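Worksheet: one structure, shown below.
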Amino acid sequence: MRLVITGTGVLSTVGIGADRAFEIMLAGGGGRVAADGCFAAIPAFDPKVFLGERGIRHFDRTALLLASAARLALDSSGLAREDYSGEETGVVVGSTHGSIEAIAEFDREALREGPKYVSPQAFSNTVINAPASRLSILHQATGLNTTLASGSASALDALAYGVSMLRAGRIAMLLCGAAIGRSREIAAGYRAAGKFSAEQQASPPFSPGRRGAAPAEGAAVFVIEDASRVQARGGTPLGVVSGAGSAFATDGDRHALALEGAVRDALREAEIAPAEISCIVSSASGSMEGDRIEGEAIGRLFGTESAAKVPVTAPKSMTGECLEASAAIAVAVSLSAIERGAIPPIASLEEVDPAFSGLDLVRGRPREVALRHALVLSRDDSGHCAAALISKP
Amino acid sequence: MTRRRVVVTGLGPVTPIGIGRDAFWAAATAGTDASDEVRSFDSSLYKVHRACEVRDFDPPTVEGNPGRASTLAVAAAGLALRDADLEPPLRGAGVVLGTTGGEIQVLERLNRLRHDSGEAAADPAEFRKHPCHVISANVARHFGLDGPNLVVPTACAAGNYAVAIARDWIEAGRAEIVLAGGSDPLSKVAFTGFGRLGAIAPDRCRPFDRNRRGLLVGEGAAVLVLESLQSARRRGARIYAEVSGCGFSCDAHHLTMPHPEGIGVRLAMARAVEEARIGPEDIDYVSAHGTGTPANDRIEAGALRAFFGGRVRRVPVSSIKSMIGHTMGAASAIEGIACALAIETGVVPPTINYETPDPDCDLDVVPNKARAARVDVALNNAYAFGGNNSCIVLSRID
């Protein structure tokens, strides 16, 4: 079974819509959005533009972003509502924090006002699967609804799981993605814990003396179907999900090994060799340790000599750290790169940490090159690692 | 290619009525009621005051001093590994755990400190212990299990989701052994929310009883060791049951209310038996979702009626939530253990606190007393907020 992506919806601080965001990325833009409460928000995001006014009253910001990205994805797939409603459609979402602001605020309101006065509607947002479930309700997708959590690797784990549900015949149509809305809890908590940069701006990935990522909103959703079905309805495949893998590092020393293992699983599933990879979409974020792990894993995969031949980009240099949504946005970047034959540069990366001198980091301007297979990497400080191979249709 | 068969070889329950396989099953078959005044927080401002907590729990020491969801899960995993006669570390073994609120107590504690003593009273860095994916990571690190690792936050159906994912991983050859289950500490957020919805019983939990008045919020964790049949046979492991079918669906109806006709619930049951290549007539026992809320039990009973047809009164259907309360993401994992033990011991646990039959729930609920019955095939039902439905079939293995 050949599983193809037929629709993409992206919302990020760089831009709204996959094509528009990618244009800006190619021009080296992004990465300079003013932070709101130290968590960069998508400028001028108006959910009504995507979702209308009905049925979204109780959606929190994360659910609104997810549903808006899904709307864009469904529109770009060319499917009609009757094609994606019903028992054959599954919704799979990567989410570790759920609607975190709504969860925290529900509890705060109970403390402030007393438990008898909290809003019962607000309670529904406190389950982590609320955004995914709202998506199913919106589109009457009754086949399956699953939320998966592995930190910043969540979106690729969701992709792998969703694709396995298609292969198993449990569903015939998949809406899969992830979203994160701005959150003071996350910004303050992770900054205090050293996960994020103490400054407003993130350091460029792979730069020397880098001091961490900066959180930002983002969402990306994909429509995925069997290629024969797409052909039958005259749809256009944007890319093939040709392999996925994941692994877990039980300690920090094994993290690069685990990331390499996740990639090897994906390569095995896709039946392609490392030398056939045309581009790496790295999850490097400007974190000292995280970027080191990515560099080491890439080096291990290709060996010192070949590593220098594979261009590496890092979308987080432009979008910021979108947590569970980041890998979904990276998949969207890989699809656009395949379509356009161009890899966006790592924004603001002027000086490279000598530790990465063996890598071909795309800098300054886009790299124009025909892409066959793009490797998307994701990892979380928890030890969760996941990889996916997205191929030209 | 024939499918790799997946079996259950270890059970680790940490529940309000007992910790460990034998203590749990002795209490469950004795019809023990764990409900009591809530002690995890001050309930004086609430209309209701009862919950099912895990008392006498001595949390294991876990690196990084994580929250209670993690320590409950580590304890359950340790019990399950011992029961399966497996000695960690286990290279390539996976962990997949369901949860509703994750480490919700971490967040509640930060909020409480800030509310009582001001912003500076809380260490914001503690937030790193809250995101739910730390639970499976803590279990994997504690025992040295470096296979696939995930948390499935699909609310109150999450335990079944985890078992199904573990089965998929083993079938696909991604792991030989996977620890699957769920964990949720007592959640003040859930207590507040269900209380506000009027869904919490004032005294006891009475599933399927005409006078049922709601659920009781519970806490707990459970881990099942899932293993390929080949691996289990090779090492001579005791096999409780085979995971023979998993069925899913989504109501796509309302976030907190079930579909009035139980359409999603029926679809999930039908898909589970179809995958197990059996029919409703082969099922000997149903572990009901059976929360004790008026709507859930009525709708579930209706769905079971449609599913079993004329045979419905002859199939024992019980809800152990009558004893342990609703342990959220752990619930269907604990209930999965109950199904495995029903197959193993030939006893089905009762629905306790059952006094007045409800014509809308005309089932054999195994009222108040456990019953000896041969169980070859058990169906474990779990439904969740968001209409996330999951059903699992466990079967005796020849």
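Here's how to read the names in the structure tokens: chain A, B, ... by the order shown, residue numbers from 1 in each chain, ligand numbers from 1 in the order shown.
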
Show me, as a PDB file with N, CA, C and O atoms, in the first residue's frame, every residue of chain A with an atom at most 8 Å from chain B, counting only C-alpha atoms.
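Final output, saved to selection13.pdb:
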ATOM      1  N   GLU A  87     -17.321   6.569   8.816  1.00  0.00           N
ATOM      2  CA  GLU A  87     -16.634   5.505   9.551  1.00  0.00           C
ATOM      3  C   GLU A  87     -15.259   5.168   8.997  1.00  0.00           C
ATOM      4  O   GLU A  87     -14.509   4.428   9.623  1.00  0.00           O
ATOM      5  N   THR A  96       1.221  16.545  23.502  1.00  0.00           N
ATOM      6  CA  THR A  96       1.765  16.238  24.819  1.00  0.00           C
ATOM      7  C   THR A  96       1.182  17.166  25.876  1.00  0.00           C
ATOM      8  O   THR A  96       0.986  16.769  27.010  1.00  0.00           O
ATOM      9  N   HIS A  97       0.899  18.397  25.472  1.00  0.00           N
ATOM     10  CA  HIS A  97       0.426  19.383  26.444  1.00  0.00           C
ATOM     11  C   HIS A  97      -1.075  19.600  26.378  1.00  0.00           C
ATOM     12  O   HIS A  97      -1.629  20.271  27.236  1.00  0.00           O
ATOM     13  N   ALA A 104      -4.842  24.576  32.972  1.00  0.00           N
ATOM     14  CA  ALA A 104      -4.337  25.334  34.116  1.00  0.00           C
ATOM     15  C   ALA A 104      -5.369  26.358  34.579  1.00  0.00           C
ATOM     16  O   ALA A 104      -5.586  26.542  35.785  1.00  0.00           O
ATOM     17  N   PHE A 106      -8.644  26.264  34.249  1.00  0.00           N
ATOM     18  CA  PHE A 106      -9.793  25.604  34.897  1.00  0.00           C
ATOM     19  C   PHE A 106      -9.504  25.395  36.385  1.00  0.00           C
ATOM     20  O   PHE A 106     -10.338  25.665  37.250  1.00  0.00           O
ATOM     21  N   ASP A 107      -8.280  24.931  36.663  1.00  0.00           N
ATOM     22  CA  ASP A 107      -7.883  24.690  38.051  1.00  0.00           C
ATOM     23  C   ASP A 107      -7.755  26.004  38.823  1.00  0.00           C
ATOM     24  O   ASP A 107      -8.180  26.111  39.979  1.00  0.00           O
ATOM     25  N   ARG A 108      -7.181  27.017  38.163  1.00  0.00           N
ATOM     26  CA  ARG A 108      -7.029  28.322  38.819  1.00  0.00           C
ATOM     27  C   ARG A 108      -8.390  28.942  39.139  1.00  0.00           C
ATOM     28  O   ARG A 108      -8.586  29.516  40.202  1.00  0.00           O
ATOM     29  N   ALA A 110     -11.123  27.352  39.746  1.00  0.00           N
ATOM     30  CA  ALA A 110     -11.700  26.637  40.897  1.00  0.00           C
ATOM     31  C   ALA A 110     -11.114  27.155  42.207  1.00  0.00           C
ATOM     32  O   ALA A 110     -11.821  27.272  43.209  1.00  0.00           O
ATOM     33  N   LEU A 111      -9.827  27.488  42.183  1.00  0.00           N
ATOM     34  CA  LEU A 111      -9.189  28.029  43.392  1.00  0.00           C
ATOM     35  C   LEU A 111      -9.710  29.434  43.704  1.00  0.00           C
ATOM     36  O   LEU A 111      -9.993  29.784  44.845  1.00  0.00           O
ATOM     37  N   ARG A 112      -9.851  30.229  42.634  1.00  0.00           N
ATOM     38  CA  ARG A 112     -10.239  31.624  42.751  1.00  0.00           C
ATOM     39  C   ARG A 112     -11.710  31.772  43.129  1.00  0.00           C
ATOM     40  O   ARG A 112     -12.059  32.465  44.069  1.00  0.00           O
ATOM     41  N   GLY A 114     -13.993  29.183  43.621  1.00  0.00           N
ATOM     42  CA  GLY A 114     -14.626  28.052  44.307  1.00  0.00           C
ATOM     43  C   GLY A 114     -15.080  27.021  43.300  1.00  0.00           C
ATOM     44  O   GLY A 114     -15.512  27.381  42.192  1.00  0.00           O
ATOM     45  N   PRO A 115     -14.992  25.744  43.643  1.00  0.00           N
ATOM     46  CA  PRO A 115     -15.254  24.671  42.680  1.00  0.00           C
ATOM     47  C   PRO A 115     -16.690  24.631  42.171  1.00  0.00           C
ATOM     48  O   PRO A 115     -16.960  24.072  41.111  1.00  0.00           O
ATOM     49  N   LYS A 116     -17.630  25.242  42.903  1.00  0.00           N
ATOM     50  CA  LYS A 116     -19.026  25.187  42.449  1.00  0.00           C
ATOM     51  C   LYS A 116     -19.284  26.190  41.330  1.00  0.00           C
ATOM     52  O   LYS A 116     -20.346  26.182  40.729  1.00  0.00           O
ATOM     53  N   TYR A 117     -18.329  27.075  41.076  1.00  0.00           N
ATOM     54  CA  TYR A 117     -18.593  28.147  40.117  1.00  0.00           C
ATOM     55  C   TYR A 117     -17.787  28.040  38.827  1.00  0.00           C
ATOM     56  O   TYR A 117     -17.846  28.926  37.987  1.00  0.00           O
ATOM     57  N   VAL A 118     -17.037  26.968  38.676  1.00  0.00           N
ATOM     58  CA  VAL A 118     -16.279  26.829  37.423  1.00  0.00           C
ATOM     59  C   VAL A 118     -17.243  26.521  36.284  1.00  0.00           C
ATOM     60  O   VAL A 118     -18.351  26.034  36.501  1.00  0.00           O
ATOM     61  N   SER A 119     -16.792  26.804  35.064  1.00  0.00           N
ATOM     62  CA  SER A 119     -17.640  26.551  33.911  1.00  0.00           C
ATOM     63  C   SER A 119     -17.565  25.081  33.507  1.00  0.00           C
ATOM     64  O   SER A 119     -16.477  24.552  33.283  1.00  0.00           O
ATOM     65  N   PRO A 120     -18.726  24.410  33.424  1.00  0.00           N
ATOM     66  CA  PRO A 120     -18.695  23.009  32.995  1.00  0.00           C
ATOM     67  C   PRO A 120     -18.164  22.855  31.570  1.00  0.00           C
ATOM     68  O   PRO A 120     -17.536  21.852  31.247  1.00  0.00           O
ATOM     69  N   PHE A 123     -14.479  22.546  31.490  1.00  0.00           N
ATOM     70  CA  PHE A 123     -13.963  21.234  31.910  1.00  0.00           C
ATOM     71  C   PHE A 123     -13.639  20.352  30.697  1.00  0.00           C
ATOM     72  O   PHE A 123     -12.676  19.598  30.705  1.00  0.00           O
ATOM     73  N   SER A 124     -14.461  20.485  29.650  1.00  0.00           N
ATOM     74  CA  SER A 124     -14.261  19.596  28.499  1.00  0.00           C
ATOM     75  C   SER A 124     -12.906  19.815  27.832  1.00  0.00           C
ATOM     76  O   SER A 124     -12.385  18.917  27.179  1.00  0.00           O
ATOM     77  N   THR A 126     -10.156  20.110  29.428  1.00  0.00           N
ATOM     78  CA  THR A 126      -9.066  19.661  30.297  1.00  0.00           C
ATOM     79  C   THR A 126      -8.548  18.270  29.937  1.00  0.00           C
ATOM     80  O   THR A 126      -7.523  17.856  30.467  1.00  0.00           O
ATOM     81  N   VAL A 127      -9.270  17.533  29.101  1.00  0.00           N
ATOM     82  CA  VAL A 127      -8.718  16.243  28.678  1.00  0.00           C
ATOM     83  C   VAL A 127      -7.763  16.488  27.509  1.00  0.00           C
ATOM     84  O   VAL A 127      -8.038  17.310  26.630  1.00  0.00           O
ATOM     85  N   ILE A 128      -6.645  15.795  27.512  1.00  0.00           N
ATOM     86  CA  ILE A 128      -5.583  16.075  26.543  1.00  0.00           C
ATOM     87  C   ILE A 128      -6.040  15.754  25.122  1.00  0.00           C
ATOM     88  O   ILE A 128      -5.543  16.321  24.151  1.00  0.00           O
ATOM     89  N   ASN A 129      -7.031  14.856  24.998  1.00  0.00           N
ATOM     90  CA  ASN A 129      -7.525  14.505  23.662  1.00  0.00           C
ATOM     91  C   ASN A 129      -8.634  15.436  23.176  1.00  0.00           C
ATOM     92  O   ASN A 129      -9.260  15.157  22.149  1.00  0.00           O
ATOM     93  N   ALA A 130      -8.863  16.551  23.874  1.00  0.00           N
ATOM     94  CA  ALA A 130      -9.953  17.446  23.470  1.00  0.00           C
ATOM     95  C   ALA A 130      -9.748  18.033  22.063  1.00  0.00           C
ATOM     96  O   ALA A 130     -10.666  17.981  21.240  1.00  0.00           O
ATOM     97  N   SER A 133     -10.468  15.402  19.481  1.00  0.00           N
ATOM     98  CA  SER A 133     -11.874  15.006  19.479  1.00  0.00           C
ATOM     99  C   SER A 133     -12.744  16.082  18.847  1.00  0.00           C
ATOM    100  O   SER A 133     -13.710  15.784  18.139  1.00  0.00           O
ATOM    101  N   ARG A 134     -12.401  17.336  19.081  1.00  0.00           N
ATOM    102  CA  ARG A 134     -13.169  18.423  18.475  1.00  0.00           C
ATOM    103  C   ARG A 134     -13.065  18.369  16.948  1.00  0.00           C
ATOM    104  O   ARG A 134     -14.018  18.675  16.234  1.00  0.00           O
ATOM    105  N   SER A 136     -12.747  15.625  15.155  1.00  0.00           N
ATOM    106  CA  SER A 136     -13.648  14.561  14.700  1.00  0.00           C
ATOM    107  C   SER A 136     -15.098  15.032  14.688  1.00  0.00           C
ATOM    108  O   SER A 136     -15.856  14.720  13.771  1.00  0.00           O
ATOM    109  N   ILE A 137     -15.463  15.780  15.732  1.00  0.00           N
ATOM    110  CA  ILE A 137     -16.848  16.261  15.815  1.00  0.00           C
ATOM    111  C   ILE A 137     -17.137  17.222  14.662  1.00  0.00           C
ATOM    112  O   ILE A 137     -18.157  17.135  13.991  1.00  0.00           O
ATOM    113  N   LEU A 138     -16.182  18.105  14.408  1.00  0.00           N
ATOM    114  CA  LEU A 138     -16.340  19.101  13.347  1.00  0.00           C
ATOM    115  C   LEU A 138     -16.575  18.452  11.988  1.00  0.00           C
ATOM    116  O   LEU A 138     -17.354  18.933  11.179  1.00  0.00           O
ATOM    117  N   HIS A 139     -15.894  17.342  11.724  1.00  0.00           N
ATOM    118  CA  HIS A 139     -15.959  16.735  10.395  1.00  0.00           C
ATOM    119  C   HIS A 139     -16.695  15.407  10.380  1.00  0.00           C
ATOM    120  O   HIS A 139     -16.670  14.704   9.374  1.00  0.00           O
ATOM    121  N   GLN A 140     -17.327  15.065  11.516  1.00  0.00           N
ATOM    122  CA  GLN A 140     -18.062  13.798  11.589  1.00  0.00           C
ATOM    123  C   GLN A 140     -17.188  12.612  11.152  1.00  0.00           C
ATOM    124  O   GLN A 140     -17.632  11.724  10.436  1.00  0.00           O
ATOM    125  N   ALA A 141     -15.960  12.650  11.605  1.00  0.00           N
ATOM    126  CA  ALA A 141     -15.030  11.556  11.310  1.00  0.00           C
ATOM    127  C   ALA A 141     -15.153  10.528  12.427  1.00  0.00           C
ATOM    128  O   ALA A 141     -14.662  10.741  13.527  1.00  0.00           O
ATOM    129  N   THR A 142     -15.847   9.427  12.153  1.00  0.00           N
ATOM    130  CA  THR A 142     -16.194   8.496  13.223  1.00  0.00           C
ATOM    131  C   THR A 142     -15.344   7.228  13.238  1.00  0.00           C
ATOM    132  O   THR A 142     -15.566   6.332  14.041  1.00  0.00           O
ATOM    133  N   GLY A 143     -14.373   7.157  12.328  1.00  0.00           N
ATOM    134  CA  GLY A 143     -13.619   5.911  12.205  1.00  0.00           C
ATOM    135  C   GLY A 143     -12.724   5.606  13.381  1.00  0.00           C
ATOM    136  O   GLY A 143     -12.627   4.449  13.825  1.00  0.00           O
ATOM    137  N   LEU A 144     -12.066   6.636  13.903  1.00  0.00           N
ATOM    138  CA  LEU A 144     -11.039   6.417  14.918  1.00  0.00           C
ATOM    139  C   LEU A 144     -10.569   7.780  15.382  1.00  0.00           C
ATOM    140  O   LEU A 144     -10.516   8.708  14.594  1.00  0.00           O
ATOM    141  N   ASN A 145     -10.244   7.884  16.643  1.00  0.00           N
ATOM    142  CA  ASN A 145      -9.707   9.155  17.134  1.00  0.00           C
ATOM    143  C   ASN A 145      -8.629   8.868  18.167  1.00  0.00           C
ATOM    144  O   ASN A 145      -8.906   8.286  19.205  1.00  0.00           O
ATOM    145  N   THR A 146      -7.407   9.250  17.869  1.00  0.00           N
ATOM    146  CA  THR A 146      -6.294   8.914  18.761  1.00  0.00           C
ATOM    147  C   THR A 146      -5.390  10.123  18.961  1.00  0.00           C
ATOM    148  O   THR A 146      -5.071  10.828  18.007  1.00  0.00           O
ATOM    149  N   THR A 147      -4.995  10.325  20.200  1.00  0.00           N
ATOM    150  CA  THR A 147      -4.000  11.341  20.528  1.00  0.00           C
ATOM    151  C   THR A 147      -2.780  10.635  21.093  1.00  0.00           C
ATOM    152  O   THR A 147      -2.911   9.731  21.915  1.00  0.00           O
ATOM    153  N   LEU A 148      -1.601  11.018  20.627  1.00  0.00           N
ATOM    154  CA  LEU A 148      -0.361  10.381  21.077  1.00  0.00           C
ATOM    155  C   LEU A 148       0.615  11.430  21.585  1.00  0.00           C
ATOM    156  O   LEU A 148       0.691  12.534  21.046  1.00  0.00           O
ATOM    157  N   ALA A 149       1.389  11.073  22.616  1.00  0.00           N
ATOM    158  CA  ALA A 149       2.292  12.027  23.243  1.00  0.00           C
ATOM    159  C   ALA A 149       3.705  11.485  23.340  1.00  0.00           C
ATOM    160  O   ALA A 149       3.934  10.413  23.920  1.00  0.00           O
ATOM    161  N   SER A 150       4.641  12.214  22.750  1.00  0.00           N
ATOM    162  CA  SER A 150       6.062  11.920  22.949  1.00  0.00           C
ATOM    163  C   SER A 150       6.845  13.230  22.829  1.00  0.00           C
ATOM    164  O   SER A 150       7.880  13.291  22.178  1.00  0.00           O
ATOM    165  N   GLY A 151       6.326  14.274  23.431  1.00  0.00           N
ATOM    166  CA  GLY A 151       6.990  15.570  23.406  1.00  0.00           C
ATOM    167  C   GLY A 151       7.121  16.101  21.997  1.00  0.00           C
ATOM    168  O   GLY A 151       6.184  16.013  21.189  1.00  0.00           O
ATOM    169  N   GLU A 185       2.260  29.013  30.838  1.00  0.00           N
ATOM    170  CA  GLU A 185       2.726  27.902  31.672  1.00  0.00           C
ATOM    171  C   GLU A 185       3.968  27.268  31.047  1.00  0.00           C
ATOM    172  O   GLU A 185       4.974  27.039  31.701  1.00  0.00           O
ATOM    173  N   ILE A 186       3.852  26.976  29.760  1.00  0.00           N
ATOM    174  CA  ILE A 186       4.962  26.317  29.061  1.00  0.00           C
ATOM    175  C   ILE A 186       6.169  27.248  29.003  1.00  0.00           C
ATOM    176  O   ILE A 186       7.293  26.848  29.311  1.00  0.00           O
ATOM    177  N   ALA A 188       7.085  29.882  30.799  1.00  0.00           N
ATOM    178  CA  ALA A 188       7.751  30.141  32.079  1.00  0.00           C
ATOM    179  C   ALA A 188       8.377  28.867  32.637  1.00  0.00           C
ATOM    180  O   ALA A 188       9.505  28.881  33.138  1.00  0.00           O
ATOM    181  N   GLY A 189       7.641  27.769  32.530  1.00  0.00           N
ATOM    182  CA  GLY A 189       8.124  26.509  33.097  1.00  0.00           C
ATOM    183  C   GLY A 189       9.383  26.009  32.418  1.00  0.00           C
ATOM    184  O   GLY A 189      10.375  25.693  33.067  1.00  0.00           O
ATOM    185  N   TYR A 190       9.353  25.957  31.095  1.00  0.00           N
ATOM    186  CA  TYR A 190      10.507  25.419  30.377  1.00  0.00           C
ATOM    187  C   TYR A 190      11.693  26.387  30.416  1.00  0.00           C
ATOM    188  O   TYR A 190      12.840  25.961  30.370  1.00  0.00           O
ATOM    189  N   ARG A 191      11.400  27.666  30.489  1.00  0.00           N
ATOM    190  CA  ARG A 191      12.505  28.614  30.578  1.00  0.00           C
ATOM    191  C   ARG A 191      13.222  28.428  31.923  1.00  0.00           C
ATOM    192  O   ARG A 191      14.438  28.341  31.971  1.00  0.00           O
ATOM    193  N   ALA A 192      12.432  28.289  32.978  1.00  0.00           N
ATOM    194  CA  ALA A 192      13.032  28.084  34.309  1.00  0.00           C
ATOM    195  C   ALA A 192      13.788  26.761  34.364  1.00  0.00           C
ATOM    196  O   ALA A 192      14.790  26.625  35.059  1.00  0.00           O
ATOM    197  N   ALA A 193      13.294  25.771  33.638  1.00  0.00           N
ATOM    198  CA  ALA A 193      13.930  24.449  33.664  1.00  0.00           C
ATOM    199  C   ALA A 193      15.121  24.374  32.707  1.00  0.00           C
ATOM    200  O   ALA A 193      15.766  23.336  32.598  1.00  0.00           O
ATOM    201  N   SER A 246      10.756   5.007  15.200  1.00  0.00           N
ATOM    202  CA  SER A 246      10.948   5.726  16.459  1.00  0.00           C
ATOM    203  C   SER A 246      11.779   4.885  17.407  1.00  0.00           C
ATOM    204  O   SER A 246      11.915   3.675  17.229  1.00  0.00           O
ATOM    205  N   ALA A 247      12.354   5.542  18.391  1.00  0.00           N
ATOM    206  CA  ALA A 247      13.187   4.854  19.366  1.00  0.00           C
ATOM    207  C   ALA A 247      13.236   5.691  20.624  1.00  0.00           C
ATOM    208  O   ALA A 247      12.838   6.860  20.627  1.00  0.00           O
ATOM    209  N   PHE A 248      13.731   5.079  21.692  1.00  0.00           N
ATOM    210  CA  PHE A 248      13.771   5.775  22.972  1.00  0.00           C
ATOM    211  C   PHE A 248      15.152   5.635  23.592  1.00  0.00           C
ATOM    212  O   PHE A 248      15.734   4.552  23.600  1.00  0.00           O
ATOM    213  N   ALA A 249      15.668   6.749  24.096  1.00  0.00           N
ATOM    214  CA  ALA A 249      16.975   6.742  24.749  1.00  0.00           C
ATOM    215  C   ALA A 249      16.784   6.714  26.259  1.00  0.00           C
ATOM    216  O   ALA A 249      16.177   7.618  26.820  1.00  0.00           O
ATOM    217  N   THR A 250      17.278   5.646  26.901  1.00  0.00           N
ATOM    218  CA  THR A 250      17.090   5.537  28.351  1.00  0.00           C
ATOM    219  C   THR A 250      18.047   6.445  29.117  1.00  0.00           C
ATOM    220  O   THR A 250      17.855   6.697  30.285  1.00  0.00           O
ATOM    221  N   ASP A 251      19.114   6.919  28.455  1.00  0.00           N
ATOM    222  CA  ASP A 251      19.921   7.961  29.080  1.00  0.00           C
ATOM    223  C   ASP A 251      20.523   8.869  28.017  1.00  0.00           C
ATOM    224  O   ASP A 251      20.549   8.530  26.827  1.00  0.00           O
ATOM    225  N   SER A 382      13.073  14.201  26.647  1.00  0.00           N
ATOM    226  CA  SER A 382      12.638  13.038  27.413  1.00  0.00           C
ATOM    227  C   SER A 382      13.325  11.753  26.964  1.00  0.00           C
ATOM    228  O   SER A 382      13.316  10.761  27.676  1.00  0.00           O
ATOM    229  N   GLY A 383      13.902  11.772  25.749  1.00  0.00           N
ATOM    230  CA  GLY A 383      14.506  10.565  25.186  1.00  0.00           C
ATOM    231  C   GLY A 383      13.737  10.020  23.994  1.00  0.00           C
ATOM    232  O   GLY A 383      14.198   9.102  23.309  1.00  0.00           O
ATOM    233  N   HIS A 384      12.554  10.579  23.730  1.00  0.00           N
ATOM    234  CA  HIS A 384      11.757  10.137  22.581  1.00  0.00           C
ATOM    235  C   HIS A 384      12.384  10.637  21.282  1.00  0.00           C
ATOM    236  O   HIS A 384      12.681  11.821  21.154  1.00  0.00           O
TER     237      HIS A 384
END

**OP:** Assign secondary structure with DSSP using the backbone only, and return the residues of segment 252-362 of chain B in strand (DSSP E) as a ChimeraX atom specification.
**Re:** /B:285-287,317-318,347-348

Dump as a PDB file, in the first residue's frame, selection limited to C-alpha atoms:
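Listed below is the output, result28.pdb:
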ATOM      1  CA  TYR B 285     -17.861 -12.078  29.904  1.00  0.00           C
ATOM      2  CA  VAL B 286     -18.011  -8.329  29.382  1.00  0.00           C
ATOM      3  CA  SER B 287     -16.098  -5.889  31.534  1.00  0.00           C
ATOM      4  CA  VAL B 317     -21.530  -8.034  32.383  1.00  0.00           C
ATOM      5  CA  SER B 318     -19.901  -6.370  35.348  1.00  0.00           C
ATOM      6  CA  VAL B 347     -14.392 -16.313  38.405  1.00  0.00           C
ATOM      7  CA  VAL B 348     -16.095 -13.141  37.211  1.00  0.00           C
TER       8      VAL B 348
END

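Near Asp203 of chain B, within 10 Å and counting only C-alpha atoms, sit Ser35, Asp36, Glu37, Val48, His49, Arg50, Ala51, Arg213, Gly214, Leu215 and Leu216 of chain B; same-chain residues fewer than 4 positions away were not included.
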
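Residues in contact range of Glu296 of chain A, defined as at most 9 Å between only C-alpha atoms, with sequence neighbours fewer than 2 positions away removed, read A:Ala256, A:Leu257, A:Glu260, A:Asp291, A:Arg292, A:Ile293, A:Glu294, A:Ile298, A:Gly299, A:Arg300, A:Leu301, A:Phe356.
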
Take the residues just selected and output them with C-alpha atoms as a compact mmCIF listing (two decimals), in the first residue's frame.
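Once written, out_20.txt looks like this:
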# COMPACT_ATOMS: atom_id res chain seq x y z
CA ALA A 256 22.13 10.10 19.29
CA LEU A 257 22.13 6.32 19.01
CA GLU A 260 19.99 7.02 14.48
CA ASP A 291 21.72 20.21 18.34
CA ARG A 292 24.79 18.20 19.35
CA ILE A 293 22.65 15.03 19.40
CA GLU A 294 21.24 15.80 15.93
CA ILE A 298 23.55 12.53 11.23
CA GLY A 299 27.29 11.84 11.39
CA ARG A 300 26.69 8.26 12.53
CA LEU A 301 24.18 7.65 9.76
CA PHE A 356 29.22 20.71 12.87

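Minimum atom-to-atom distances from B:Ile337, B:Val62, B:Ile170, B:Ala120 to Arg5 of chain B were compared using only C-alpha atoms, and the lowest value belongs to B:Ile170.
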
**OP:** Between A:Ala314, A:Ala18, A:Ala168, A:Ala178, single out the one closest to Leu72 of chain A, counting only C-alpha atoms.
**Re:** A:Ala18

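Remark: for Ala102 of chain A, the closest of the candidate residues A:Met1, A:Met288, A:Ala122, A:Leu51 is A:Ala122 (distances computed over only C-alpha atoms).
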
Subject >> Long-range neighbours of segment 323-338 of chain A as number ranges by chain, 7 Å cut-off, only C-alpha atoms, 3 positions minimum in chain >> reply: A: 8, 10, 18, 22, 94-96, 151-156, 177-180, 218-220, 238-239, 281, 315, 341-343, 371, 374, 376, 378, 390, 392

Subject >> Exercise: Glu225 of chain A partners within 6 Å, only C-alpha atoms, chain neighbours under 6 positions left out, as a VMD selection string >> reply: chain A and resid 3 to 4 173

Original post:
Quick one: residues within 9 Å of Lys316 of chain A, only C-alpha atoms counted, chain neighbours fewer than 3 positions away excluded, as a VMD selection string?
Top reply: chain A and resid 31 204 to 205 213 282 to 286 319 to 322 326 330 346 to 347

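Among the candidates B:Ile239, B:Ala378, B:Val106, B:Leu90, the residue lying nearest to Val273 of chain B is B:Ala378 (atoms considered: only C-alpha atoms).
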
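Proximity of B:Glu227, B:Glu219, B:Glu281, B:Asp58 to Glu176 of chain B, computed with only C-alpha atoms, is greatest for B:Glu227.
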
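Shortest separation to Phe45 of chain A among A:Gly303, A:Gly181, A:Glu109, A:Ser317 occurs at residue A:Gly181, atoms counted being only C-alpha atoms.
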